[in-house]
$ cat upload19.cif   # mmCIF, C-alpha atoms
data_final
#
loop_
_atom_site.group_PDB
_atom_site.id
_atom_site.type_symbol
_atom_site.label_atom_id
_atom_site.label_comp_id
_atom_site.auth_asym_id
_atom_site.auth_seq_id
_atom_site.Cartn_x
_atom_site.Cartn_y
_atom_site.Cartn_z
ATOM 1 C CA MET K 1 23.334 7.908 -57.370
ATOM 2 C CA SER K 2 24.856 11.213 -56.395
ATOM 3 C CA THR K 3 24.125 12.912 -53.070
ATOM 4 C CA LEU K 4 23.478 16.526 -52.261
ATOM 5 C CA GLU K 5 24.790 18.206 -49.128
ATOM 6 C CA ARG K 6 22.847 21.058 -47.642
ATOM 7 C CA PRO K 7 24.728 24.368 -47.512
ATOM 8 C CA ARG K 8 26.025 25.449 -44.169
ATOM 9 C CA ALA K 9 24.804 28.581 -42.492
ATOM 10 C CA GLY K 10 25.928 31.603 -44.452
ATOM 11 C CA GLU K 11 26.873 29.577 -47.523
ATOM 12 C CA GLY K 12 24.884 29.545 -50.735
ATOM 13 C CA ARG K 13 26.539 26.567 -52.343
ATOM 14 C CA VAL K 14 25.122 23.056 -52.812
ATOM 15 C CA ILE K 15 27.817 20.389 -52.935
ATOM 16 C CA ARG K 16 27.104 17.433 -55.189
ATOM 17 C CA ARG K 17 29.101 14.319 -54.414
ATOM 18 C CA PRO K 18 29.179 11.400 -56.882
ATOM 19 C CA GLY K 19 27.528 8.208 -55.769
ATOM 20 C CA PRO K 20 29.033 4.703 -56.118
ATOM 21 C CA GLN K 21 27.652 4.242 -59.640
ATOM 22 C CA GLU K 22 29.181 7.495 -60.843
ATOM 23 C CA ALA K 23 32.474 7.045 -58.987
ATOM 24 C CA ARG K 24 32.990 3.487 -60.292
ATOM 25 C CA PRO K 25 30.770 3.045 -63.371
ATOM 26 C CA ALA K 26 32.507 -0.116 -64.598
ATOM 27 C CA ALA K 27 32.145 -1.875 -61.247
ATOM 28 C CA ALA K 28 28.531 -0.733 -60.918
ATOM 29 C CA HIS K 29 27.784 -2.054 -64.408
ATOM 30 C CA ARG K 30 29.340 -5.433 -63.573
ATOM 31 C CA ARG K 31 27.302 -5.706 -60.386
ATOM 32 C CA ARG K 32 24.112 -4.793 -62.224
ATOM 33 C CA ARG K 33 24.897 -7.269 -64.994
ATOM 34 C CA ALA K 34 25.621 -10.040 -62.476
ATOM 35 C CA LEU K 35 22.346 -9.334 -60.659
ATOM 36 C CA GLU K 36 20.315 -9.413 -63.866
ATOM 37 C CA LEU K 37 22.012 -12.606 -65.035
ATOM 38 C CA SER K 38 21.374 -14.232 -61.659
ATOM 39 C CA LEU K 39 17.688 -13.325 -61.824
ATOM 40 C CA ALA K 40 17.426 -14.557 -65.413
ATOM 41 C CA VAL K 41 18.840 -17.941 -64.377
ATOM 42 C CA ALA K 42 17.102 -18.187 -60.999
ATOM 43 C CA VAL K 43 13.518 -17.788 -62.239
ATOM 44 C CA PRO K 44 13.458 -20.790 -64.642
ATOM 45 C CA VAL K 45 15.511 -22.882 -62.211
ATOM 46 C CA VAL K 46 13.018 -22.249 -59.399
ATOM 47 C CA LEU K 47 10.082 -23.063 -61.688
ATOM 48 C CA VAL K 48 11.684 -26.342 -62.764
ATOM 49 C CA LEU K 49 12.451 -27.266 -59.140
ATOM 50 C CA LEU K 50 8.841 -26.570 -58.155
ATOM 51 C CA TRP K 51 7.680 -28.732 -61.048
ATOM 52 C CA GLN K 52 10.019 -31.525 -59.957
ATOM 53 C CA LEU K 53 8.806 -31.246 -56.380
ATOM 54 C CA ALA K 54 5.154 -31.333 -57.446
ATOM 55 C CA ALA K 55 5.748 -34.476 -59.508
ATOM 56 C CA THR K 56 7.776 -36.160 -56.765
ATOM 57 C CA GLN K 57 5.177 -35.405 -54.093
ATOM 58 C CA GLN K 58 2.384 -36.479 -56.454
ATOM 59 C CA TRP K 59 0.709 -33.088 -56.325
ATOM 60 C CA ILE K 60 0.269 -33.498 -60.073
ATOM 61 C CA ASP K 61 -0.317 -36.596 -62.177
ATOM 62 C CA GLU K 62 3.114 -37.576 -63.488
ATOM 63 C CA ARG K 63 1.494 -39.562 -66.284
ATOM 64 C CA VAL K 64 0.154 -36.286 -67.673
ATOM 65 C CA TYR K 65 2.909 -33.939 -66.488
ATOM 66 C CA PRO K 66 6.162 -35.916 -66.331
ATOM 67 C CA ALA K 67 8.859 -34.721 -63.958
ATOM 68 C CA PRO K 68 11.666 -32.621 -65.507
ATOM 69 C CA THR K 69 14.167 -35.392 -64.716
ATOM 70 C CA SER K 70 12.042 -37.865 -66.709
ATOM 71 C CA ILE K 71 11.827 -35.424 -69.622
ATOM 72 C CA LEU K 72 15.579 -34.817 -69.518
ATOM 73 C CA SER K 73 16.322 -38.540 -69.377
ATOM 74 C CA ASP K 74 14.010 -39.326 -72.290
ATOM 75 C CA GLY K 75 15.375 -36.443 -74.348
ATOM 76 C CA TRP K 76 18.947 -37.548 -73.712
ATOM 77 C CA ASP K 77 18.158 -41.119 -74.733
ATOM 78 C CA ARG K 78 16.461 -39.992 -77.947
ATOM 79 C CA ALA K 79 19.348 -37.673 -78.760
ATOM 80 C CA VAL K 80 22.000 -40.365 -78.162
ATOM 81 C CA GLU K 81 20.068 -42.892 -80.218
ATOM 82 C CA GLY K 82 19.682 -40.372 -83.036
ATOM 83 C CA GLU K 83 15.883 -40.317 -82.944
ATOM 84 C CA LEU K 84 15.562 -36.618 -82.060
ATOM 85 C CA TRP K 85 17.909 -34.936 -84.521
ATOM 86 C CA PRO K 86 15.988 -35.680 -87.748
ATOM 87 C CA ASP K 87 12.950 -33.858 -86.360
ATOM 88 C CA VAL K 88 15.065 -30.954 -85.104
ATOM 89 C CA TRP K 89 16.805 -30.624 -88.456
ATOM 90 C CA ALA K 90 13.537 -30.833 -90.404
ATOM 91 C CA THR K 91 12.054 -27.961 -88.382
ATOM 92 C CA LEU K 92 15.255 -25.918 -88.454
ATOM 93 C CA LYS K 93 15.748 -26.027 -92.209
ATOM 94 C CA ARG K 94 12.112 -25.048 -92.847
ATOM 95 C CA VAL K 95 12.377 -22.123 -90.445
ATOM 96 C CA LEU K 96 15.669 -20.888 -91.903
ATOM 97 C CA ALA K 97 14.499 -21.137 -95.518
ATOM 98 C CA GLY K 98 11.143 -19.492 -94.864
ATOM 99 C CA TYR K 99 12.679 -16.817 -92.657
ATOM 100 C CA ALA K 100 15.255 -15.867 -95.284
ATOM 101 C CA ILE K 101 12.648 -15.603 -98.054
ATOM 102 C CA GLY K 102 10.179 -13.671 -95.916
ATOM 103 C CA THR K 103 12.776 -11.281 -94.522
ATOM 104 C CA VAL K 104 14.269 -10.315 -97.881
ATOM 105 C CA SER K 105 10.928 -9.885 -99.657
ATOM 106 C CA GLY K 106 9.321 -8.061 -96.729
ATOM 107 C CA TYR K 107 12.262 -5.686 -96.411
ATOM 108 C CA LEU K 108 12.322 -4.819 -100.106
ATOM 109 C CA LEU K 109 8.590 -4.156 -100.288
ATOM 110 C CA GLY K 110 8.579 -2.224 -97.016
ATOM 111 C CA LEU K 111 11.427 -0.082 -98.260
ATOM 112 C CA LEU K 112 9.648 0.686 -101.537
ATOM 113 C CA MET K 113 6.353 1.481 -99.854
ATOM 114 C CA GLY K 114 8.031 3.603 -97.214
ATOM 115 C CA ALA K 115 10.136 5.599 -99.670
ATOM 116 C CA LEU K 116 7.664 5.962 -102.568
ATOM 117 C CA PRO K 117 4.241 7.441 -101.675
ATOM 118 C CA LEU K 118 2.590 6.289 -104.921
ATOM 119 C CA VAL K 119 3.653 2.689 -104.366
ATOM 120 C CA ARG K 120 2.342 2.887 -100.818
ATOM 121 C CA ALA K 121 -0.990 4.340 -101.942
ATOM 122 C CA ALA K 122 -1.391 1.585 -104.544
ATOM 123 C CA LEU K 123 -0.448 -1.422 -102.414
ATOM 124 C CA GLU K 124 -1.195 -0.604 -98.791
ATOM 125 C CA PRO K 125 -4.960 -1.401 -98.810
ATOM 126 C CA THR K 126 -4.356 -4.789 -100.426
ATOM 127 C CA MET K 127 -1.472 -5.619 -98.101
ATOM 128 C CA ASP K 128 -3.503 -4.621 -95.048
ATOM 129 C CA ALA K 129 -6.301 -6.952 -96.132
ATOM 130 C CA LEU K 130 -3.865 -9.845 -96.608
ATOM 131 C CA TYR K 131 -2.142 -9.140 -93.294
ATOM 132 C CA VAL K 132 -5.258 -9.783 -91.203
ATOM 133 C CA VAL K 133 -5.839 -13.217 -92.781
ATOM 134 C CA PRO K 134 -4.725 -15.924 -90.291
ATOM 135 C CA LYS K 135 -1.622 -17.409 -91.827
ATOM 136 C CA LEU K 136 -2.588 -20.997 -91.006
ATOM 137 C CA ALA K 137 -5.660 -20.441 -93.181
ATOM 138 C CA LEU K 138 -3.237 -20.150 -96.116
ATOM 139 C CA LEU K 139 -1.856 -23.653 -95.595
ATOM 140 C CA PRO K 140 -4.514 -25.372 -97.798
ATOM 141 C CA ILE K 141 -3.703 -22.898 -100.568
ATOM 142 C CA PHE K 142 0.005 -23.641 -100.289
ATOM 143 C CA LEU K 143 -0.733 -27.378 -100.277
ATOM 144 C CA ASN K 144 -2.637 -26.943 -103.547
ATOM 145 C CA MET K 145 0.196 -24.865 -104.987
ATOM 146 C CA PHE K 146 3.209 -26.911 -103.890
ATOM 147 C CA GLY K 147 1.762 -30.300 -102.978
ATOM 148 C CA LEU K 148 2.968 -32.353 -100.043
ATOM 149 C CA GLY K 149 6.554 -31.837 -98.952
ATOM 150 C CA GLU K 150 8.714 -28.928 -97.888
ATOM 151 C CA GLY K 151 7.108 -26.289 -100.106
ATOM 152 C CA PRO K 152 3.949 -25.564 -98.064
ATOM 153 C CA GLN K 153 5.867 -25.425 -94.780
ATOM 154 C CA ILE K 154 8.484 -23.003 -96.085
ATOM 155 C CA ALA K 155 5.874 -20.877 -97.858
ATOM 156 C CA LEU K 156 3.808 -20.551 -94.676
ATOM 157 C CA VAL K 157 6.816 -19.417 -92.634
ATOM 158 C CA ALA K 158 7.850 -17.014 -95.407
ATOM 159 C CA ALA K 159 4.357 -15.491 -95.589
ATOM 160 C CA THR K 160 4.259 -14.997 -91.821
ATOM 161 C CA VAL K 161 7.719 -13.437 -91.591
ATOM 162 C CA PHE K 162 7.073 -11.297 -94.668
ATOM 163 C CA PHE K 163 4.261 -9.316 -93.064
ATOM 164 C CA PHE K 164 6.136 -8.665 -89.822
ATOM 165 C CA VAL K 165 9.206 -7.416 -91.650
ATOM 166 C CA TRP K 166 7.164 -5.464 -94.211
ATOM 167 C CA ILE K 167 5.240 -3.542 -91.550
ATOM 168 C CA SER K 168 8.298 -2.780 -89.420
ATOM 169 C CA THR K 169 10.324 -1.682 -92.458
ATOM 170 C CA MET K 170 7.653 0.590 -93.891
ATOM 171 C CA ALA K 171 6.958 2.149 -90.502
ATOM 172 C CA ALA K 172 10.680 2.629 -89.850
ATOM 173 C CA VAL K 173 11.257 4.371 -93.189
ATOM 174 C CA LEU K 174 8.237 6.620 -92.669
ATOM 175 C CA ALA K 175 9.517 7.495 -89.193
ATOM 176 C CA VAL K 176 12.850 8.822 -90.477
ATOM 177 C CA PRO K 177 12.822 12.535 -89.538
ATOM 178 C CA GLU K 178 12.300 14.897 -92.441
ATOM 179 C CA GLY K 179 15.326 16.832 -91.273
ATOM 180 C CA HIS K 180 17.518 13.847 -92.100
ATOM 181 C CA ARG K 181 16.130 13.759 -95.626
ATOM 182 C CA ASP K 182 16.559 17.520 -96.022
ATOM 183 C CA ALA K 183 20.181 17.246 -94.941
ATOM 184 C CA GLY K 184 20.750 14.596 -97.593
ATOM 185 C CA ARG K 185 19.181 16.781 -100.266
ATOM 186 C CA VAL K 186 21.270 19.787 -99.217
ATOM 187 C CA PHE K 187 24.433 17.761 -99.742
ATOM 188 C CA GLY K 188 23.178 16.660 -103.144
ATOM 189 C CA ALA K 189 22.537 13.027 -102.288
ATOM 190 C CA GLY K 190 21.090 10.957 -105.103
ATOM 191 C CA ALA K 191 18.584 8.140 -104.690
ATOM 192 C CA TRP K 192 21.208 5.529 -103.799
ATOM 193 C CA GLN K 193 23.112 7.880 -101.491
ATOM 194 C CA MET K 194 19.880 8.881 -99.774
ATOM 195 C CA PHE K 195 19.145 5.213 -99.111
ATOM 196 C CA ARG K 196 22.706 4.303 -98.128
ATOM 197 C CA HIS K 197 23.490 7.230 -95.852
ATOM 198 C CA VAL K 198 20.072 8.369 -94.588
ATOM 199 C CA LEU K 199 17.223 5.862 -94.815
ATOM 200 C CA LEU K 200 19.203 2.682 -94.116
ATOM 201 C CA PRO K 201 21.040 3.737 -90.926
ATOM 202 C CA ALA K 202 18.019 5.606 -89.561
ATOM 203 C CA SER K 203 15.510 2.799 -90.136
ATOM 204 C CA LEU K 204 17.576 -0.370 -89.675
ATOM 205 C CA PRO K 205 17.322 -0.597 -85.849
ATOM 206 C CA ALA K 206 13.510 -0.632 -85.996
ATOM 207 C CA VAL K 207 13.593 -3.084 -88.921
ATOM 208 C CA LEU K 208 15.715 -5.483 -86.899
ATOM 209 C CA VAL K 209 13.253 -5.311 -84.010
ATOM 210 C CA GLY K 210 10.568 -6.527 -86.393
ATOM 211 C CA ALA K 211 12.914 -9.219 -87.688
ATOM 212 C CA ARG K 212 13.552 -10.413 -84.144
ATOM 213 C CA ILE K 213 9.820 -10.664 -83.428
ATOM 214 C CA ALA K 214 9.361 -12.502 -86.716
ATOM 215 C CA ALA K 215 12.026 -15.040 -85.695
ATOM 216 C CA GLY K 216 9.970 -16.150 -82.701
ATOM 217 C CA VAL K 217 6.719 -16.171 -84.638
ATOM 218 C CA ALA K 218 8.319 -18.267 -87.390
ATOM 219 C CA VAL K 219 9.016 -21.049 -84.889
ATOM 220 C CA LEU K 220 5.422 -20.925 -83.615
ATOM 221 C CA VAL K 221 3.995 -21.130 -87.126
ATOM 222 C CA ILE K 222 6.162 -24.016 -88.269
ATOM 223 C CA VAL K 223 5.181 -26.084 -85.225
ATOM 224 C CA ALA K 224 1.493 -25.544 -85.959
ATOM 225 C CA SER K 225 2.017 -26.282 -89.644
ATOM 226 C CA GLU K 226 3.971 -29.486 -88.995
ATOM 227 C CA SER K 227 1.227 -30.721 -86.697
ATOM 228 C CA ILE K 228 -1.236 -30.512 -89.615
ATOM 229 C CA ALA K 229 0.631 -31.323 -92.804
ATOM 230 C CA ALA K 230 3.999 -32.935 -92.129
ATOM 231 C CA SER K 231 5.358 -36.381 -91.384
ATOM 232 C CA ASP K 232 8.409 -35.137 -89.474
ATOM 233 C CA GLY K 233 9.605 -32.115 -87.515
ATOM 234 C CA LEU K 234 9.136 -31.043 -83.909
ATOM 235 C CA GLY K 235 5.506 -30.046 -84.460
ATOM 236 C CA HIS K 236 4.695 -33.502 -85.789
ATOM 237 C CA LEU K 237 6.626 -35.071 -82.894
ATOM 238 C CA ILE K 238 4.660 -33.093 -80.290
ATOM 239 C CA PHE K 239 1.181 -33.799 -81.604
ATOM 240 C CA ASP K 240 1.880 -37.372 -82.691
ATOM 241 C CA SER K 241 3.265 -38.287 -79.268
ATOM 242 C CA ARG K 242 0.253 -36.641 -77.617
ATOM 243 C CA ALA K 243 -2.075 -38.801 -79.700
ATOM 244 C CA LEU K 244 -0.132 -41.889 -78.567
ATOM 245 C CA PHE K 245 -0.198 -40.731 -74.907
ATOM 246 C CA GLN K 246 3.599 -40.434 -74.848
ATOM 247 C CA ASN K 247 3.594 -37.283 -72.766
ATOM 248 C CA ASP K 248 7.287 -37.458 -71.913
ATOM 249 C CA VAL K 249 8.134 -37.386 -75.641
ATOM 250 C CA MET K 250 5.652 -34.548 -76.121
ATOM 251 C CA PHE K 251 7.434 -32.445 -73.498
ATOM 252 C CA VAL K 252 10.813 -33.239 -75.080
ATOM 253 C CA GLY K 253 9.503 -31.728 -78.302
ATOM 254 C CA ILE K 254 8.120 -28.696 -76.465
ATOM 255 C CA VAL K 255 11.468 -28.082 -74.746
ATOM 256 C CA CYS K 256 13.285 -28.374 -78.080
ATOM 257 C CA VAL K 257 10.907 -25.841 -79.647
ATOM 258 C CA ALA K 258 11.467 -23.441 -76.741
ATOM 259 C CA VAL K 259 15.240 -23.746 -77.024
ATOM 260 C CA LEU K 260 15.106 -23.328 -80.800
ATOM 261 C CA GLY K 261 12.957 -20.204 -80.516
ATOM 262 C CA VAL K 262 15.169 -18.593 -77.881
ATOM 263 C CA VAL K 263 18.401 -19.355 -79.735
ATOM 264 C CA PHE K 264 17.021 -18.132 -83.057
ATOM 265 C CA SER K 265 15.696 -14.903 -81.543
ATOM 266 C CA GLU K 266 18.975 -14.277 -79.715
ATOM 267 C CA LEU K 267 21.005 -14.833 -82.877
ATOM 268 C CA VAL K 268 18.905 -12.223 -84.667
ATOM 269 C CA ARG K 269 19.387 -9.816 -81.741
ATOM 270 C CA ILE K 270 23.148 -10.340 -81.730
ATOM 271 C CA ALA K 271 23.293 -9.865 -85.497
ATOM 272 C CA GLY K 272 21.340 -6.641 -85.049
ATOM 273 C CA ARG K 273 23.892 -5.346 -82.546
ATOM 274 C CA PHE K 274 26.714 -5.908 -85.021
ATOM 275 C CA LEU K 275 24.781 -4.424 -87.939
ATOM 276 C CA THR K 276 23.677 -1.315 -86.011
ATOM 277 C CA PRO K 277 26.479 -0.302 -83.613
ATOM 278 C CA TRP K 278 25.081 3.250 -83.619
ATOM 279 C CA ALA K 279 21.710 2.184 -82.204
ATOM 280 C CA PRO K 280 20.920 2.321 -78.451
ATOM 281 C CA ARG K 281 21.576 -0.962 -76.697
ATOM 282 C CA ASP K 282 18.743 -3.105 -75.372
ATOM 283 C CA ARG K 283 18.287 -1.797 -71.842
ATOM 284 C CA GLY K 284 16.317 -4.866 -70.942
ATOM 285 C CA ARG K 285 19.610 -6.769 -71.202
ATOM 286 C CA GLY K 286 21.400 -4.566 -68.723
ATOM 287 C CA GLN K 287 23.460 -2.839 -71.375
ATOM 288 C CA SER K 288 24.229 0.819 -71.331
#
$ encode --input "upload19.cif" --output "structure tokens"
Amino acid sequence: MSTLERPRAGEGRVIRRPGPQEARPAAAHRRRRALELSLAVAVPVVLVLLWQLAATQQWIDERVYPAPTSILSDGWDRAVEGELWPDVWATLKRVLAGYAIGTVSGYLLGLLMGALPLVRAALEPTMDALYVVPKLALLPIFLNMFGLGEGPQIALVAATVFFFVWISTMAAVLAVPEGHRDAGRVFGAGAWQMFRHVLLPASLPAVLVGARIAAGVAVLVIVASESIAASDGLGHLIFDSRALFQNDVMFVGIVCVAVLGVVFSELVRIAGRFLTPWAPRDRGRGQS
């Protein structure tokens, strides 16, 4: 921060001297980034160490809450023996397929409803009613439609992602300032040019925020769905191992789900940064 020096007697000037952050912005940014990264790593590490200490000192029942070292050892053994990867792959392919379908369909409908008032007036009440229906309640319907197999799982993820992307897209298009649209009309922009040069760049950052939220929710939904109507996948692994009192295996599945959700959400965020270089950076990540 800059500092202000009081004027001397008889002087009417206020001297403003740059602070360390203004004098060396690159160095200040690196220090801030290092501090934020250290905090981001330190918090989970401390929590895991406390968990390990509690299990070692028998403050908690290790049969119910295995120590992190036991979870890591069991997960490593299952990964080396090839028992873990089929479940990870089953969950991953369902999430990716459902996410792709839901994102594309939600974006197209949100764009139409945001850009065309008559389409919005016709469809918005119905879509609002469908949005509030718990998505897991749709699983029996999808089972009747697609039978047992991959279809119901993918359809449930797609339906969940669809509504998140639809809402964020429609709201983003409606939030485009009217001045931007007027500028496009003044320059004679047609429908495609208006979309390409006005609506798309102005709304895409907000759309990608919705897509990032949908990425995390997609992982949550598929785990719940696999616990009900699947014979493989991380959700099935978690709930099946709990029923067999294999709590260490259950926590391995939970850790895998957490890692999958974080990685998926981060990939969407990184893709958003490349697709929208004009948008403000995520300040929560220490970027400026």
$ resolve_selection --input "upload19.cif" --expression "the PyMOL selection byres ((chain K and resi 180) around 12)" --output "NGL selection string"
:K and (173-179 or 181-187 or 189 or 194-195 or 197-203)
$ closest_atom_pairs --input "upload19.cif" --of "range 149-267 of chain K" --to "range 103-121 of chain K" --cutoff "7 Å" --atoms "all atoms listed in the file" --output "Markdown table"
| residue | atom | partner | partner_atom | distance |
| --- | --- | --- | --- | --- |
| K:Val161 | CA | K:Thr103 | CA | 6.2 |
| K:Phe162 | CA | K:Gly106 | CA | 4.4 |
| K:Phe163 | CA | K:Gly106 | CA | 6.4 |
| K:Val165 | CA | K:Gly106 | CA | 5.1 |
| K:Trp166 | CA | K:Gly106 | CA | 4.2 |
| K:Ile167 | CA | K:Gly110 | CA | 6.5 |
| K:Thr169 | CA | K:Gly110 | CA | 4.9 |
| K:Met170 | CA | K:Gly110 | CA | 4.3 |
| K:Ala171 | CA | K:Gly114 | CA | 7.0 |
| K:Val173 | CA | K:Gly114 | CA | 5.2 |
| K:Leu174 | CA | K:Gly114 | CA | 5.5 |
$ closest_residue --input "upload19.cif" --among "K:Gly216, K:Pro68, K:Gly253, K:Gly190" --to "Leu96 in chain K" --atoms "all atoms listed in the file"
K:Gly216
$ atom_distance --input "upload19.cif" --atom1 "CA of Gly151 in chain K" --atom2 "CA of Leu84 in chain K"
22.4 Å
$ closest_residue --input "upload19.cif" --among "K:Ser70, K:Ser265, K:Thr276, K:Thr160" --to "Val207 in chain K" --atoms "only C-alpha atoms"
K:Thr276
$ atom_distance --input "upload19.cif" --atom1 "CA of Leu234 in chain K" --atom2 "CA of Asp61 in chain K"
24.3 Å
$ resolve_selection --input "upload19.cif" --expression "the PyMOL selection byres ((chain K and resi 225) around 10)" --output "mmCIF file with C-alpha atoms, keeping the file's coordinate frame"
data_model
loop_
_atom_site.group_PDB
_atom_site.id
_atom_site.type_symbol
_atom_site.label_atom_id
_atom_site.label_comp_id
_atom_site.auth_asym_id
_atom_site.auth_seq_id
_atom_site.Cartn_x
_atom_site.Cartn_y
_atom_site.Cartn_z
ATOM 1 C CA LYS K 135 -1.622 -17.409 -91.827
ATOM 2 C CA LEU K 136 -2.588 -20.997 -91.006
ATOM 3 C CA LEU K 139 -1.856 -23.653 -95.595
ATOM 4 C CA PRO K 152 3.949 -25.564 -98.064
ATOM 5 C CA GLN K 153 5.867 -25.425 -94.780
ATOM 6 C CA ILE K 154 8.484 -23.003 -96.085
ATOM 7 C CA LEU K 156 3.808 -20.551 -94.676
ATOM 8 C CA VAL K 157 6.816 -19.417 -92.634
ATOM 9 C CA VAL K 219 9.016 -21.049 -84.889
ATOM 10 C CA LEU K 220 5.422 -20.925 -83.615
ATOM 11 C CA VAL K 221 3.995 -21.130 -87.126
ATOM 12 C CA ILE K 222 6.162 -24.016 -88.269
ATOM 13 C CA VAL K 223 5.181 -26.084 -85.225
ATOM 14 C CA ALA K 224 1.493 -25.544 -85.959
ATOM 15 C CA GLU K 226 3.971 -29.486 -88.995
ATOM 16 C CA SER K 227 1.227 -30.721 -86.697
ATOM 17 C CA ILE K 228 -1.236 -30.512 -89.615
ATOM 18 C CA ALA K 229 0.631 -31.323 -92.804
ATOM 19 C CA ALA K 230 3.999 -32.935 -92.129
ATOM 20 C CA GLY K 233 9.605 -32.115 -87.515
ATOM 21 C CA GLY K 235 5.506 -30.046 -84.460
ATOM 22 C CA HIS K 236 4.695 -33.502 -85.789
#
$ decode --input "upload19.cif" --residues "range 189-201 of chain K" --atoms "N, CA, C and O atoms" --output "compact mmCIF listing (two decimals), in the first residue's frame"
# COMPACT_ATOMS: atom_id res chain seq x y z
N ALA K 189 -25.44 -5.48 -37.18
CA ALA K 189 -25.18 -6.90 -36.91
C ALA K 189 -26.45 -7.72 -37.14
O ALA K 189 -27.53 -7.36 -36.66
N GLY K 190 -26.32 -8.82 -37.85
CA GLY K 190 -27.42 -9.75 -38.03
C GLY K 190 -27.56 -10.65 -36.82
O GLY K 190 -26.88 -10.48 -35.79
N ALA K 191 -28.43 -11.65 -36.93
CA ALA K 191 -28.68 -12.54 -35.80
C ALA K 191 -27.41 -13.30 -35.40
O ALA K 191 -27.08 -13.38 -34.22
N TRP K 192 -26.72 -13.87 -36.39
CA TRP K 192 -25.50 -14.62 -36.08
C TRP K 192 -24.40 -13.70 -35.54
O TRP K 192 -23.71 -14.03 -34.58
N GLN K 193 -24.24 -12.53 -36.16
CA GLN K 193 -23.22 -11.60 -35.68
C GLN K 193 -23.53 -11.09 -34.28
O GLN K 193 -22.63 -10.89 -33.46
N MET K 194 -24.81 -10.87 -34.00
CA MET K 194 -25.20 -10.44 -32.66
C MET K 194 -24.83 -11.51 -31.63
O MET K 194 -24.33 -11.20 -30.54
N PHE K 195 -25.06 -12.77 -31.98
CA PHE K 195 -24.69 -13.85 -31.07
C PHE K 195 -23.18 -13.97 -30.94
O PHE K 195 -22.64 -14.05 -29.84
N ARG K 196 -22.49 -13.95 -32.09
CA ARG K 196 -21.05 -14.19 -32.10
C ARG K 196 -20.26 -13.08 -31.42
O ARG K 196 -19.30 -13.34 -30.68
N HIS K 197 -20.64 -11.84 -31.66
CA HIS K 197 -19.82 -10.72 -31.20
C HIS K 197 -20.38 -9.99 -29.99
O HIS K 197 -19.68 -9.15 -29.41
N VAL K 198 -21.63 -10.28 -29.60
CA VAL K 198 -22.23 -9.56 -28.47
C VAL K 198 -22.65 -10.54 -27.37
O VAL K 198 -22.12 -10.51 -26.25
N LEU K 199 -23.61 -11.40 -27.67
CA LEU K 199 -24.18 -12.25 -26.63
C LEU K 199 -23.17 -13.28 -26.12
O LEU K 199 -23.07 -13.51 -24.90
N LEU K 200 -22.44 -13.93 -27.02
CA LEU K 200 -21.51 -14.98 -26.60
C LEU K 200 -20.40 -14.44 -25.70
O LEU K 200 -20.23 -14.94 -24.58
N PRO K 201 -19.63 -13.43 -26.12
CA PRO K 201 -18.55 -12.98 -25.22
C PRO K 201 -19.04 -12.35 -23.93
O PRO K 201 -18.37 -12.45 -22.90
